[in-house]
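Notes follow the structure.
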Amino acid sequence: MRSSEKDSASGSKHEVGLGWYQPKSVRISAVEHPAGNILPPDVAIPYLSLCGVWLERLGLKAGHRVKVEGAPGRVTLTLDETPVELPYRYRKHTPKKSRARQLNQQQ
């Protein structure tokens, strides 16, 4: 996702950066199979990546789960409201003190 357009009707200026604005379109890429040459050479694994601050503005925050529904020519993402414990890496916490700080405090 290289550029995106503002969702306001005020302008058509393209911005590059952290994904502040919802893109008009994204490209479906291809990835190789991790096991190497299991697939025939003419078969590609489609890959779609969505990221940006615009997702949070839509209510999709880091750590939330989404339901993925597909139909020919369409992919729909819906926020899954089922309560799930937030993984540790997404929780607000104070970082542990580094080993170097602990050694400096002991001296």
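Residue numbering restarts at 1 in every chain; chains get A, B, ... in the order shown in the structure tokens, and ligands count up from 1 in that same order.
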Exercise. Using only C-alpha atoms, which residues sit within 12 Å of Glu56 in chain A once same-chain residues fewer than 4 positions away are excluded, as a ChimeraX atom specification?
Worked result: /A:19-22,50-52,60-64,79
Grab the residues selected above and save them as a short mmCIF file (atom, residue, chain, number, x, y, z; two decimals), in the first residue's frame with C-alpha atoms.
```cif
data_model
loop_
_atom_site.label_atom_id
_atom_site.label_comp_id
_atom_site.auth_asym_id
_atom_site.auth_seq_id
_atom_site.Cartn_x
_atom_site.Cartn_y
_atom_site.Cartn_z
CA GLY A 19 -1.77 4.71 6.06
CA TRP A 20 -3.73 7.60 7.54
CA TYR A 21 -6.31 7.39 4.78
CA GLN A 22 -8.28 4.48 3.37
CA LEU A 50 -4.18 -4.31 4.83
CA CYS A 51 -2.59 -1.93 7.29
CA GLY A 52 -2.99 1.66 8.38
CA LEU A 60 -10.58 -2.52 13.86
CA LYS A 61 -7.84 -2.21 16.48
CA ALA A 62 -4.66 -4.25 16.95
CA GLY A 63 -5.51 -7.50 18.71
CA HIS A 64 -9.16 -7.60 17.62
CA LEU A 79 -15.43 -7.25 13.51
#
```
For this session: Kindly indicate which residue among A:Arg65, A:Ile28, A:Ala71, A:Trp54 lies nearest to Glu85 in chain A, using only C-alpha atoms for the distances.
Result: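 The answer is A:Arg65, which sits nearest to Glu85 in chain A.
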Exercise. What is the CA of Arg27 in chain A-CA of Gly73 in chain A distance in Å, reported with one decimal?
Worked result: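 Separation between CA of Arg27 in chain A and CA of Gly73 in chain A: 13.7 Å.
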Exercise. So which residues touch Thr78 in chain A within 7 Å, counting only C-alpha atoms, skipping near sequence neighbours fewer than 4 positions away, as a list in words?
Worked result: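 Close residues of Thr78 in chain A: Val66, Lys67 and Val68 of chain A.
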Exercise. Contacts of Val31 in chain A at 7 Å or less, counting only C-alpha atoms, minus same-chain residues fewer than 3 places along, as number ranges by chain?
Worked result: A: 44-47
Can you write just those residues out, C-alpha atoms, as a PDB file, in the first residue's frame?
```
ATOM      1  CA  ALA A  44       0.695 -18.610  -7.145  1.00  0.00           C
ATOM      2  CA  ILE A  45      -0.594 -18.189  -3.582  1.00  0.00           C
ATOM      3  CA  PRO A  46      -2.603 -14.914  -3.448  1.00  0.00           C
ATOM      4  CA  TYR A  47      -1.644 -12.556  -0.634  1.00  0.00           C
TER       5      TYR A  47
END
```
For this session: Mind giving me the straight-line distance from CA of Arg89 in chain A to CA of Leu77 in chain A in Å, one decimal?
Result: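 One can read the CA of Arg89 in chain A to CA of Leu77 in chain A distance as 23.0 Å.
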Exercise. At what distance in Å, to one decimal, does CA of Leu58 in chain A lie from CA of Lys24 in chain A?
Worked result: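 A separation of 15.1 Å between them.
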